[in-house]
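Okay, structure first, notes after.
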Amino acid sequence: MNCSFVSTLKCCCFALGMHILSVAASGQLILRDDFDGSGIVDPAVWRLPFDTEGNFVGRTQYRGNPSTDMPLQGVAEPLASDGKVLEIDLDTFSPIDPGNQFLGTDILTKRNFARAGGLTIEARMRLKPTSAGGTVGGFFLYDVQRDDPPGSGNQVRDEIDWELLGNQVAGSTQNPASNYWNDGPFSGPGSGGDFEFHSVTGFDLTQFHDYRVEWAPGQLQWFVDNTLVRTETSNIPDDPMKLHFNLWAPDSDFSQAFDAALQPVTSAGDNTKYQVQVDHVEVNRVNTTATELLVDGSFETEPIYNFGFGIPGDVDPAKGTGDWIGFGNTPFDTLASDGFSSLKLYGPFNGSADASGVWQNAAASPGQEFEASVMAYSPSNDSILRPAAGDFNADGAVNIADYTVWRNNFGASTSLPNDTTGEATVGAAQYELWQENFGNTASSENYTQLVLTFHDANGDVLQEAFADPGNLVNKNAQDVPIFDGRDPNLGMLEDQWIQYQVNAIAPAGTSFVRWNLYFVQLNSEGGAVIFDEASLLRLDSTALSSSLATAGVPEPTSALLLVFAAGTAYCLRRVRSV
């Protein structure tokens, strides 16, 4: 079964006037990564933290440069199930503040995951053998969604953890630990969550084990090697969260994990590297009905009503449902991941920061959970990336190879690629250009986003007062970055269809959910991105109880269910070159 058949089926349903396709899925694979590729982890799936997600924890500065700091996959490890692992690093030397901080790693999924009827997350991992205490290897779901109370500026978090503590390896017992928060504070009472060790006979944190969490409405369960070690049924998190792996050194506030003997060093020559190895990770959704809400998600049959050309009187952009509303440059294109047509977005070129995009509204109610998705394609022949000055061999980066090109052409009256000096003869000016731009990559300030927003009965965005009631922020929205010209790894993702997803839960006062797609142009730079197979699913729980222990991931029982569930599971991480 493939995605093309699934999308064709959905398109045919829409053509027949069936605007909602509803399927009850007992089990759906939504992420699987065996980390058996080569080089850095897949930049379509994983990224480093930024903004409010936190780049300093305990005594640890997290890495944050995607051009140099993305962790490596495909590292040889004979004890892994397929002989290859992802390695997460913690260094005692940090060039940012030597002697005063550690340099750790936190990677997270670009997308988030709604619980709906139930979610299982599982990873096979270990602390790479060491005798040192004072480190924490984490595998967890995490989100900062709101203030408590609203408008206070006091951010709270939802979080579900597995933690492997170096102190346990250095001590006489080796017990894994779990923790969780529901709207938990970052300081004061409750900031430590509900931490708990789990005694497992003969356990060794430096050997690979399967760590699993089953997250259901009203219940959390933690498993080690398929053995249940903890169950909680009160104060259960409910916000969609991103999946993280990290390795860090805490301060004394985390007393169970802190070790004063572990200290940062002042020179690179004295550095010690600690590592977590991850064999694989898998996420499944269970006990959930997925109902399609978008009309013409393949951009085949319906018009896009663009503000630039006038909106018909019978179309309500704020409150109407089932219509594509556009702004800026939103033409159709013939390069499609499915069917015959797709959507092309590029900047409006109006001389200032602006955007092009489309949206579609669907009816919604408070507490409902949604998953938005879209297939995206960044064409190298109309790339949003701008070449770096001094990239004389046009390979996307200014490096030593460009020096060789300059040296081989020194004194010649020739034009080198990406030479912005204006000099007709290759000489000192080009050398200075190369030197000034060494290490730079092709880039731009164009970027694309898929965003879910929620709106009241008047069509207004549901916002929240932050500190000053006059300062409104949209904390209810959720977004996922798609292609970003500021990402040095974007070149790896061009010329292939990749699906992106984002989940969100409707807040109080919701009457509509809006699927939004943006091409943001900050500096009148060129390039375009093509989109297809847009989807907005309402995720409804079908669980008869809070337990997922018997839910498993069974085969679908009907032909239609087989088409949708199997196809969707495949679509959720499909990459195809064109």
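Residues in the structure tokens are numbered from 1 in each chain, the chains being A, B, ... in the order shown, and ligands are numbered from 1 in the order shown.
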Inset, instruction - Could you pull out the residues in segment 250-319 of chain A that DSSP calls helix (DSSP H, G or I) from the backbone, as a PyMOL selection string? - result: chain A and resi 268-270+307-309
So that I can see what lies close to segment 500-517 of chain A, please list as a compact mmCIF listing (two decimals) with all heavy atoms, in the first residue's frame the residues with an atom at most 9 Å from it, counting only C-alpha atoms and leaving out residues fewer than 6 positions away in the same chain.
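See part.txt below for the written result:
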```txt
# COMPACT_ATOMS: atom_id res chain seq x y z
N ALA A 44 15.30 16.62 8.61
CA ALA A 44 13.87 16.76 8.37
C ALA A 44 13.06 16.37 9.60
O ALA A 44 11.91 16.76 9.74
CB ALA A 44 13.44 15.89 7.18
N VAL A 45 13.67 15.60 10.51
CA VAL A 45 12.97 15.09 11.69
C VAL A 45 13.45 15.76 12.97
O VAL A 45 12.64 16.09 13.84
CB VAL A 45 13.17 13.56 11.81
CG1 VAL A 45 12.48 13.00 13.05
CG2 VAL A 45 12.66 12.86 10.56
N LYS A 110 11.15 18.00 15.25
CA LYS A 110 10.54 19.23 14.74
C LYS A 110 9.04 19.24 15.03
O LYS A 110 8.46 20.28 15.31
CB LYS A 110 10.79 19.37 13.24
CG LYS A 110 12.21 19.77 12.89
CD LYS A 110 12.35 20.03 11.40
CE LYS A 110 13.70 20.64 11.08
NZ LYS A 110 13.85 20.92 9.62
N ARG A 111 8.40 18.10 14.90
CA ARG A 111 6.97 17.99 15.14
C ARG A 111 6.71 17.71 16.63
O ARG A 111 7.61 17.35 17.38
CB ARG A 111 6.36 16.88 14.30
CG ARG A 111 6.82 15.47 14.69
CD ARG A 111 5.84 14.42 14.21
NE ARG A 111 4.55 14.58 14.86
CZ ARG A 111 3.45 13.90 14.51
NH1 ARG A 111 3.49 13.05 13.50
NH2 ARG A 111 2.32 14.09 15.15
N ASN A 112 5.45 17.86 17.02
CA ASN A 112 5.03 17.45 18.35
C ASN A 112 4.02 16.32 18.23
O ASN A 112 3.61 15.94 17.12
CB ASN A 112 4.46 18.64 19.14
CG ASN A 112 3.25 19.27 18.46
OD1 ASN A 112 2.82 18.84 17.38
ND2 ASN A 112 2.69 20.29 19.09
N PHE A 113 3.59 15.77 19.36
CA PHE A 113 2.73 14.60 19.37
C PHE A 113 1.57 14.82 20.34
O PHE A 113 1.77 15.03 21.54
CB PHE A 113 3.51 13.35 19.80
CG PHE A 113 4.69 13.04 18.91
CD1 PHE A 113 5.95 13.54 19.20
CD2 PHE A 113 4.53 12.26 17.78
CE1 PHE A 113 7.04 13.27 18.39
CE2 PHE A 113 5.62 11.98 16.96
CZ PHE A 113 6.87 12.48 17.26
N ALA A 114 0.35 14.77 19.82
CA ALA A 114 -0.83 14.83 20.66
C ALA A 114 -1.12 13.44 21.21
O ALA A 114 -0.90 12.43 20.54
CB ALA A 114 -2.03 15.34 19.87
N ASP A 238 -1.68 16.69 29.40
CA ASP A 238 -2.59 16.55 28.27
C ASP A 238 -2.19 17.38 27.05
O ASP A 238 -2.85 17.31 26.01
CB ASP A 238 -4.02 16.91 28.68
CG ASP A 238 -4.13 18.31 29.28
OD1 ASP A 238 -3.14 19.06 29.23
OD2 ASP A 238 -5.22 18.64 29.80
N ASP A 239 -1.12 18.17 27.13
CA ASP A 239 -0.71 18.99 25.99
C ASP A 239 0.12 18.19 25.00
O ASP A 239 0.91 17.32 25.41
CB ASP A 239 0.13 20.19 26.46
CG ASP A 239 -0.70 21.24 27.15
OD1 ASP A 239 -1.90 21.37 26.81
OD2 ASP A 239 -0.18 21.94 28.03
N PRO A 240 0.01 18.48 23.69
CA PRO A 240 0.94 17.89 22.73
C PRO A 240 2.38 18.28 23.08
O PRO A 240 2.64 19.40 23.52
CB PRO A 240 0.52 18.51 21.40
CG PRO A 240 -0.91 18.92 21.60
CD PRO A 240 -1.00 19.33 23.04
N MET A 241 3.31 17.34 22.90
CA MET A 241 4.70 17.57 23.29
C MET A 241 5.65 17.07 22.22
O MET A 241 5.32 16.17 21.46
CB MET A 241 5.00 16.87 24.62
CG MET A 241 4.26 17.45 25.81
SD MET A 241 4.68 16.63 27.38
CE MET A 241 3.45 15.33 27.43
N LEU A 294 -10.13 18.92 6.04
CA LEU A 294 -9.86 19.82 4.93
C LEU A 294 -10.62 19.41 3.67
O LEU A 294 -10.82 18.22 3.41
CB LEU A 294 -8.37 19.86 4.61
CG LEU A 294 -7.44 20.58 5.57
CD1 LEU A 294 -6.04 20.65 4.97
CD2 LEU A 294 -7.93 21.98 5.92
N LYS A 319 -14.71 33.17 9.18
CA LYS A 319 -15.55 32.16 9.81
C LYS A 319 -16.01 31.06 8.87
O LYS A 319 -16.55 30.05 9.32
CB LYS A 319 -16.78 32.83 10.44
CG LYS A 319 -16.44 33.81 11.55
CD LYS A 319 -17.69 34.44 12.14
CE LYS A 319 -18.35 35.39 11.16
NZ LYS A 319 -19.55 36.03 11.73
N THR A 321 -15.94 27.84 6.40
CA THR A 321 -15.19 26.58 6.42
C THR A 321 -15.17 25.98 5.03
O THR A 321 -16.08 26.21 4.22
CB THR A 321 -15.81 25.58 7.41
OG1 THR A 321 -17.17 25.32 7.03
CG2 THR A 321 -15.80 26.15 8.83
N SER A 356 3.59 35.25 2.02
CA SER A 356 2.52 34.68 1.21
C SER A 356 2.01 33.45 1.94
O SER A 356 2.74 32.85 2.75
CB SER A 356 3.02 34.28 -0.18
OG SER A 356 3.51 35.40 -0.89
N GLY A 357 0.77 33.04 1.65
CA GLY A 357 0.28 31.86 2.33
C GLY A 357 -1.16 31.56 2.03
O GLY A 357 -1.84 32.28 1.30
N VAL A 358 -1.62 30.45 2.61
CA VAL A 358 -3.02 30.03 2.49
C VAL A 358 -3.51 29.54 3.84
O VAL A 358 -2.71 29.15 4.70
CB VAL A 358 -3.21 28.91 1.44
CG1 VAL A 358 -2.83 29.40 0.05
CG2 VAL A 358 -2.41 27.66 1.82
N TRP A 359 -4.83 29.57 4.00
CA TRP A 359 -5.42 28.94 5.18
C TRP A 359 -6.78 28.35 4.83
O TRP A 359 -7.38 28.69 3.81
CB TRP A 359 -5.52 29.90 6.36
CG TRP A 359 -6.64 30.93 6.34
CD1 TRP A 359 -7.99 30.71 6.47
CD2 TRP A 359 -6.48 32.35 6.23
NE1 TRP A 359 -8.67 31.90 6.44
CE2 TRP A 359 -7.78 32.92 6.30
CE3 TRP A 359 -5.39 33.20 6.09
CZ2 TRP A 359 -8.00 34.29 6.23
CZ3 TRP A 359 -5.60 34.56 6.03
CH2 TRP A 359 -6.89 35.10 6.09
N GLN A 360 -7.24 27.46 5.71
CA GLN A 360 -8.59 26.93 5.62
C GLN A 360 -9.11 26.69 7.03
O GLN A 360 -8.39 26.16 7.88
CB GLN A 360 -8.64 25.64 4.81
CG GLN A 360 -10.06 25.15 4.53
CD GLN A 360 -10.13 23.94 3.62
OE1 GLN A 360 -10.91 23.02 3.87
NE2 GLN A 360 -9.35 23.92 2.54
N ASN A 361 -10.36 27.10 7.28
CA ASN A 361 -10.98 26.93 8.59
C ASN A 361 -11.79 25.64 8.64
O ASN A 361 -12.34 25.18 7.63
CB ASN A 361 -11.95 28.09 8.88
CG ASN A 361 -11.26 29.43 8.92
OD1 ASN A 361 -10.13 29.55 9.37
ND2 ASN A 361 -11.95 30.46 8.43
N ALA A 362 -11.92 25.08 9.85
CA ALA A 362 -12.81 23.95 10.11
C ALA A 362 -13.44 24.16 11.48
O ALA A 362 -12.83 24.76 12.38
CB ALA A 362 -12.04 22.62 10.07
N ALA A 363 -14.64 23.67 11.66
CA ALA A 363 -15.32 23.79 12.94
C ALA A 363 -14.56 23.00 14.01
O ALA A 363 -14.01 21.92 13.75
CB ALA A 363 -16.75 23.28 12.82
N ALA A 364 -14.54 23.54 15.22
CA ALA A 364 -13.81 22.90 16.31
C ALA A 364 -14.45 23.27 17.64
O ALA A 364 -15.19 24.26 17.73
CB ALA A 364 -12.34 23.30 16.30
N SER A 365 -14.15 22.50 18.67
CA SER A 365 -14.66 22.74 20.01
C SER A 365 -13.53 22.65 21.02
O SER A 365 -12.52 21.97 20.77
CB SER A 365 -15.74 21.71 20.38
OG SER A 365 -16.82 21.77 19.47
N PRO A 366 -13.66 23.31 22.17
CA PRO A 366 -12.60 23.25 23.19
C PRO A 366 -12.26 21.82 23.59
O PRO A 366 -13.16 20.97 23.72
CB PRO A 366 -13.22 24.02 24.36
CG PRO A 366 -14.20 24.95 23.73
CD PRO A 366 -14.77 24.19 22.57
N GLY A 367 -10.97 21.55 23.76
CA GLY A 367 -10.52 20.23 24.19
C GLY A 367 -10.25 19.25 23.08
O GLY A 367 -9.63 18.21 23.31
N GLN A 368 -10.70 19.55 21.87
CA GLN A 368 -10.43 18.65 20.75
C GLN A 368 -8.95 18.75 20.34
O GLN A 368 -8.34 19.80 20.45
CB GLN A 368 -11.33 18.99 19.56
CG GLN A 368 -12.79 18.64 19.77
CD GLN A 368 -13.65 18.99 18.57
OE1 GLN A 368 -13.35 19.91 17.82
NE2 GLN A 368 -14.75 18.25 18.40
N GLU A 369 -8.42 17.63 19.84
CA GLU A 369 -7.03 17.57 19.41
C GLU A 369 -6.96 17.43 17.90
O GLU A 369 -7.80 16.75 17.30
CB GLU A 369 -6.31 16.41 20.10
CG GLU A 369 -6.21 16.58 21.60
CD GLU A 369 -5.58 15.38 22.28
OE1 GLU A 369 -6.32 14.46 22.63
OE2 GLU A 369 -4.35 15.37 22.47
N PHE A 370 -5.94 18.05 17.31
CA PHE A 370 -5.84 18.10 15.85
C PHE A 370 -4.41 17.82 15.40
O PHE A 370 -3.44 18.12 16.12
CB PHE A 370 -6.26 19.48 15.33
CG PHE A 370 -7.68 19.85 15.66
CD1 PHE A 370 -7.98 20.51 16.84
CD2 PHE A 370 -8.71 19.49 14.81
CE1 PHE A 370 -9.29 20.84 17.16
CE2 PHE A 370 -10.03 19.81 15.12
CZ PHE A 370 -10.32 20.49 16.29
N GLU A 371 -4.31 17.25 14.19
CA GLU A 371 -3.01 17.06 13.54
C GLU A 371 -3.07 17.65 12.14
O GLU A 371 -3.88 17.22 11.31
CB GLU A 371 -2.63 15.59 13.46
CG GLU A 371 -1.31 15.36 12.72
CD GLU A 371 -0.74 13.98 12.92
OE1 GLU A 371 -0.32 13.70 14.06
OE2 GLU A 371 -0.76 13.19 11.96
N ALA A 372 -2.24 18.66 11.90
CA ALA A 372 -2.09 19.24 10.57
C ALA A 372 -0.85 18.65 9.91
O ALA A 372 0.16 18.39 10.57
CB ALA A 372 -1.95 20.76 10.67
N SER A 373 -0.91 18.46 8.60
CA SER A 373 0.26 17.95 7.88
C SER A 373 0.23 18.48 6.45
O SER A 373 -0.80 18.92 5.94
CB SER A 373 0.31 16.42 7.89
OG SER A 373 -0.78 15.88 7.16
N VAL A 374 1.40 18.40 5.80
CA VAL A 374 1.52 18.79 4.40
C VAL A 374 2.80 18.18 3.84
O VAL A 374 3.78 17.99 4.56
CB VAL A 374 1.55 20.33 4.25
CG1 VAL A 374 2.85 20.93 4.78
CG2 VAL A 374 1.31 20.75 2.81
N MET A 375 2.76 17.82 2.56
CA MET A 375 3.96 17.42 1.85
C MET A 375 4.63 18.68 1.29
O MET A 375 3.94 19.55 0.75
CB MET A 375 3.63 16.45 0.72
CG MET A 375 3.03 15.13 1.18
SD MET A 375 4.18 14.07 2.08
CE MET A 375 5.27 13.55 0.76
N ALA A 376 5.95 18.76 1.41
CA ALA A 376 6.67 19.97 0.98
C ALA A 376 7.87 19.58 0.13
O ALA A 376 8.52 18.56 0.37
CB ALA A 376 7.12 20.77 2.20
N THR A 448 9.54 28.74 5.72
CA THR A 448 8.16 28.29 5.59
C THR A 448 7.72 27.61 6.88
O THR A 448 8.53 26.96 7.57
CB THR A 448 8.01 27.31 4.42
OG1 THR A 448 9.01 26.29 4.51
CG2 THR A 448 8.15 28.03 3.09
N GLN A 449 6.44 27.74 7.21
CA GLN A 449 5.89 27.19 8.45
C GLN A 449 4.48 26.65 8.21
O GLN A 449 3.71 27.21 7.43
CB GLN A 449 5.77 28.28 9.52
CG GLN A 449 7.04 28.63 10.26
CD GLN A 449 6.74 29.65 11.36
OE1 GLN A 449 6.11 30.68 11.11
NE2 GLN A 449 7.19 29.36 12.56
N LEU A 450 4.15 25.57 8.93
CA LEU A 450 2.79 25.07 9.04
C LEU A 450 2.31 25.38 10.45
O LEU A 450 2.98 25.01 11.42
CB LEU A 450 2.76 23.57 8.77
CG LEU A 450 1.41 22.86 8.92
CD1 LEU A 450 0.38 23.41 7.95
CD2 LEU A 450 1.58 21.36 8.74
N VAL A 451 1.17 26.05 10.58
CA VAL A 451 0.72 26.55 11.87
C VAL A 451 -0.74 26.20 12.08
O VAL A 451 -1.57 26.35 11.16
CB VAL A 451 0.89 28.09 11.97
CG1 VAL A 451 0.53 28.59 13.36
CG2 VAL A 451 2.32 28.50 11.60
N LEU A 452 -1.08 25.77 13.29
CA LEU A 452 -2.46 25.60 13.71
C LEU A 452 -2.82 26.74 14.67
O LEU A 452 -2.11 26.96 15.66
CB LEU A 452 -2.67 24.26 14.42
CG LEU A 452 -2.86 23.03 13.52
CD1 LEU A 452 -2.95 21.77 14.37
CD2 LEU A 452 -4.09 23.17 12.64
N THR A 453 -3.91 27.45 14.37
CA THR A 453 -4.40 28.50 15.26
C THR A 453 -5.86 28.22 15.59
O THR A 453 -6.56 27.50 14.85
CB THR A 453 -4.26 29.90 14.64
OG1 THR A 453 -4.94 29.91 13.37
CG2 THR A 453 -2.80 30.27 14.42
N PHE A 454 -6.34 28.83 16.69
CA PHE A 454 -7.71 28.62 17.12
C PHE A 454 -8.42 29.97 17.21
O PHE A 454 -7.83 30.98 17.60
CB PHE A 454 -7.73 27.90 18.47
CG PHE A 454 -7.17 26.51 18.37
CD1 PHE A 454 -5.84 26.25 18.70
CD2 PHE A 454 -7.95 25.47 17.90
CE1 PHE A 454 -5.32 24.98 18.58
CE2 PHE A 454 -7.42 24.19 17.77
CZ PHE A 454 -6.11 23.94 18.11
N HIS A 455 -9.72 29.95 16.86
CA HIS A 455 -10.47 31.18 16.68
C HIS A 455 -11.83 31.08 17.37
O HIS A 455 -12.41 29.99 17.46
CB HIS A 455 -10.65 31.46 15.19
CG HIS A 455 -9.35 31.57 14.46
ND1 HIS A 455 -8.85 32.76 13.99
CD2 HIS A 455 -8.40 30.64 14.13
CE1 HIS A 455 -7.69 32.56 13.40
NE2 HIS A 455 -7.39 31.27 13.48
N ASP A 456 -12.32 32.22 17.84
CA ASP A 456 -13.62 32.26 18.50
C ASP A 456 -14.75 32.36 17.48
O ASP A 456 -14.53 32.29 16.27
CB ASP A 456 -13.67 33.39 19.53
CG ASP A 456 -13.53 34.78 18.89
OD1 ASP A 456 -13.75 34.91 17.66
OD2 ASP A 456 -13.19 35.72 19.63
N ALA A 457 -15.98 32.54 17.97
CA ALA A 457 -17.15 32.54 17.10
C ALA A 457 -17.14 33.69 16.11
O ALA A 457 -17.80 33.63 15.06
CB ALA A 457 -18.42 32.57 17.94
N ASN A 458 -16.38 34.75 16.41
CA ASN A 458 -16.27 35.88 15.50
C ASN A 458 -15.12 35.71 14.50
O ASN A 458 -14.89 36.59 13.66
CB ASN A 458 -16.05 37.17 16.28
CG ASN A 458 -17.24 37.52 17.15
OD1 ASN A 458 -18.39 37.39 16.71
ND2 ASN A 458 -16.98 37.96 18.37
N GLY A 459 -14.39 34.62 14.62
CA GLY A 459 -13.25 34.38 13.75
C GLY A 459 -11.96 34.99 14.25
O GLY A 459 -10.93 34.92 13.56
N LEU A 462 -7.72 33.35 19.19
CA LEU A 462 -7.76 33.25 20.65
C LEU A 462 -6.36 33.51 21.18
O LEU A 462 -5.45 32.71 21.00
CB LEU A 462 -8.26 31.88 21.08
CG LEU A 462 -9.76 31.65 20.88
CD1 LEU A 462 -10.10 30.18 21.03
CD2 LEU A 462 -10.57 32.48 21.86
N ASN A 476 -1.78 29.84 22.13
CA ASN A 476 -2.57 28.65 21.82
C ASN A 476 -2.16 28.02 20.50
O ASN A 476 -2.53 26.89 20.22
CB ASN A 476 -4.05 29.03 21.77
CG ASN A 476 -4.54 29.58 23.10
OD1 ASN A 476 -4.44 28.92 24.12
ND2 ASN A 476 -5.04 30.81 23.09
N ALA A 477 -1.41 28.76 19.68
CA ALA A 477 -1.00 28.24 18.37
C ALA A 477 0.13 27.24 18.54
O ALA A 477 0.89 27.26 19.51
CB ALA A 477 -0.55 29.39 17.47
N GLN A 478 0.24 26.33 17.56
CA GLN A 478 1.37 25.41 17.47
C GLN A 478 1.87 25.43 16.03
O GLN A 478 1.07 25.54 15.08
CB GLN A 478 0.95 23.98 17.85
CG GLN A 478 0.57 23.80 19.30
CD GLN A 478 1.80 23.66 20.21
OE1 GLN A 478 2.93 23.78 19.76
NE2 GLN A 478 1.57 23.39 21.49
N ASP A 479 3.20 25.34 15.86
CA ASP A 479 3.75 25.41 14.51
C ASP A 479 4.89 24.42 14.36
O ASP A 479 5.47 23.94 15.34
CB ASP A 479 4.25 26.82 14.19
CG ASP A 479 5.42 27.24 15.06
OD1 ASP A 479 6.56 26.86 14.75
OD2 ASP A 479 5.19 27.95 16.06
N VAL A 480 5.21 24.12 13.11
CA VAL A 480 6.37 23.29 12.80
C VAL A 480 7.15 23.99 11.69
O VAL A 480 6.56 24.46 10.71
CB VAL A 480 5.96 21.87 12.37
CG1 VAL A 480 5.11 21.86 11.12
CG2 VAL A 480 7.19 20.98 12.18
N PRO A 481 8.48 24.14 11.85
CA PRO A 481 9.28 24.71 10.76
C PRO A 481 9.38 23.73 9.61
O PRO A 481 9.55 22.53 9.82
CB PRO A 481 10.65 24.95 11.43
CG PRO A 481 10.71 23.95 12.54
CD PRO A 481 9.30 23.78 13.02
N ILE A 482 9.26 24.23 8.40
CA ILE A 482 9.40 23.36 7.23
C ILE A 482 10.77 23.66 6.63
O ILE A 482 11.79 23.33 7.23
CB ILE A 482 8.23 23.56 6.25
CG1 ILE A 482 6.89 23.31 6.99
CG2 ILE A 482 8.34 22.60 5.07
CD1 ILE A 482 5.66 23.46 6.12
N SER A 535 -3.46 18.15 4.98
CA SER A 535 -4.41 17.38 5.78
C SER A 535 -4.62 18.05 7.13
O SER A 535 -3.70 18.63 7.70
CB SER A 535 -3.89 15.95 5.99
OG SER A 535 -4.71 15.22 6.88
N LEU A 536 -5.85 17.98 7.62
CA LEU A 536 -6.17 18.40 8.98
C LEU A 536 -7.06 17.33 9.59
O LEU A 536 -8.22 17.17 9.21
CB LEU A 536 -6.89 19.77 8.99
CG LEU A 536 -7.36 20.26 10.36
CD1 LEU A 536 -6.20 20.41 11.33
CD2 LEU A 536 -8.12 21.57 10.22
N LEU A 572 3.79 9.45 6.96
CA LEU A 572 4.28 10.33 8.01
C LEU A 572 5.78 10.53 7.96
O LEU A 572 6.29 11.44 8.60
CB LEU A 572 3.85 9.79 9.37
CG LEU A 572 2.36 10.03 9.65
CD1 LEU A 572 1.89 9.21 10.82
CD2 LEU A 572 2.08 11.50 9.91
N ARG A 573 6.50 9.74 7.23
CA ARG A 573 7.92 10.01 7.03
C ARG A 573 8.34 9.50 5.67
O ARG A 573 9.13 8.59 5.55
CB ARG A 573 8.75 9.36 8.16
CG ARG A 573 10.23 9.71 8.06
CD ARG A 573 10.46 11.22 8.24
NE ARG A 573 11.82 11.56 7.95
CZ ARG A 573 12.20 12.01 6.75
NH1 ARG A 573 11.33 12.18 5.79
NH2 ARG A 573 13.46 12.32 6.55
```
Inset, instruction - Using only C-alpha atoms, pick whichever of A:Glu300, A:Asp259, A:Glu159, A:Glu122 has the shortest atom-to-atom distance to Phe340 of chain A. - result: A:Glu300
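Restricting the calculation to only C-alpha atoms, the smallest distance between Ile311 of chain A and any of A:Phe56, A:Gly326, A:Leu127, A:Pro185 is found for A:Gly326.
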Inset, instruction - Mind the document's chain letters and residue numbers, and return as a PyMOL selection string the residues of segment 313-380 of chain A that DSSP labels strand (DSSP E). - result: chain A and resi 324-327+332-333+342-346+354-363+369-377
Inset, instruction - Could you give me, as a list of chain:residue names, the residues within 6 Å of segment 153-158 of chain A, counting only C-alpha atoms and dropping anything in the same chain fewer than 6 positions from it? - result: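 What passes the distance filter is A:Tyr142, A:Asp143, A:Val144, A:Arg146, A:Asp147, A:Trp181, A:Asn182, A:Asp183, A:Gly184, A:Pro185, A:Pro237, A:Phe466, A:Ala467.
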Inset, instruction - One decimal, Å: what's the distance from atom CA of Leu164 of chain A over to atom CA of Asp253 of chain A, could you say? - result: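 Atom CA of Asp253 of chain A lies at a distance of 16.9 Å from atom CA of Leu164 of chain A.
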Legend entry - Residue nearest Thr291 of chain A - candidates A:Leu539, A:Leu29, A:Val520, A:Val315, atoms counted: only C-alpha atoms: A:Leu539
Legend entry - Å distance separating atom CA of Glu525 of chain A from atom CA of Gly439 of chain A, one decimal place: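 Computed distance, atom CA of Glu525 of chain A to atom CA of Gly439 of chain A, equals 21.4 Å.
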Inset, instruction - Identify, on the basis of only C-alpha atoms, every residue whose closest approach to Gln61 of chain A does not exceed 8 Å; exclude the query and any residue fewer than 6 positions from it along the same chain; express the result as a PyMOL selection string. - result: chain A and resi 55+94+101-104
Legend entry - Within 12 Å of Thr421 of chain A using only C-alpha atoms, minus same-chain residues under 5 positions, as a PyMOL selection string: chain A and resi 389-390+415-416+426-434
Report as a tab-separated table the residues of segment 217-250 of chain A within 12 Å of segment 281-285 of chain A, each with its shortest atom pair and distance in Å (one decimal), using only C-alpha atoms, ordered by chain and increasing residue number.
```
residue	atom	partner	partner_atom	distance
A:Lys242	CA	A:Val283	CA	11.3
A:Leu243	CA	A:Val283	CA	9.4
A:His244	CA	A:Val281	CA	10.5
A:Phe245	CA	A:Val281	CA	10.0
```
Inset, instruction - Write out as a PyMOL selection string the residues lying within 10 Å of segment 204-212 of chain A, counting only C-alpha atoms and excluding same-chain residues fewer than 6 positions away. - result: chain A and resi 79-81+120-130+139+161-166+168-169+173-176+221-228+276-283
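Atom CA of Gln28 of chain A is found 21.2 Å from atom CA of Gly297 of chain A.
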Legend entry - All residues 10 Å or closer to Ile384 of chain A, only C-alpha atoms, same chain fewer than 6 positions away omitted, as a PyMOL selection string: chain A and resi 346-347+378+442-447+483-486+490-491+494+521+525-529
Now that the selection is made, can you save its residues with C-alpha atoms as a compact mmCIF listing (two decimals), in the first residue's frame?
```txt
# COMPACT_ATOMS: atom_id res chain seq x y z
CA TYR A 346 6.98 32.45 -2.89
CA GLY A 347 7.49 35.88 -1.40
CA SER A 378 12.16 22.66 -2.01
CA ALA A 442 24.30 29.09 1.20
CA SER A 443 21.47 30.75 3.09
CA SER A 444 18.62 33.23 3.01
CA GLU A 445 16.07 34.76 5.34
CA ASN A 446 13.14 33.01 3.63
CA TYR A 447 11.39 30.31 5.62
CA PHE A 483 12.14 24.64 4.91
CA ASP A 484 14.22 27.48 6.36
CA GLY A 485 16.90 29.37 4.44
CA ARG A 486 18.69 30.04 7.73
CA LEU A 490 18.62 22.75 4.10
CA GLY A 491 20.67 21.71 1.07
CA GLU A 494 16.14 19.83 -1.49
CA GLN A 521 10.09 36.66 3.08
CA GLU A 525 15.03 37.16 -1.59
CA GLY A 526 13.94 34.72 -4.28
CA GLY A 527 13.06 31.05 -4.33
CA ALA A 528 9.87 29.04 -3.91
CA VAL A 529 8.51 25.99 -2.07
```
Inset, instruction - May I ask which of the residues A:Ala177, A:Leu335, A:Ile530, A:Leu522 is the closest one to Ile498 of chain A, counting only C-alpha atoms? - result: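 So, comparing all the options, the nearest one is A:Ile530.
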Inset, instruction - Considering only C-alpha atoms, state which residue in the set A:Ile88, A:Leu72, A:Ala249, A:Leu293 is at the smallest distance from Thr135 of chain A. - result: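 Closest to Thr135 of chain A, using only C-alpha atoms: A:Ala249.
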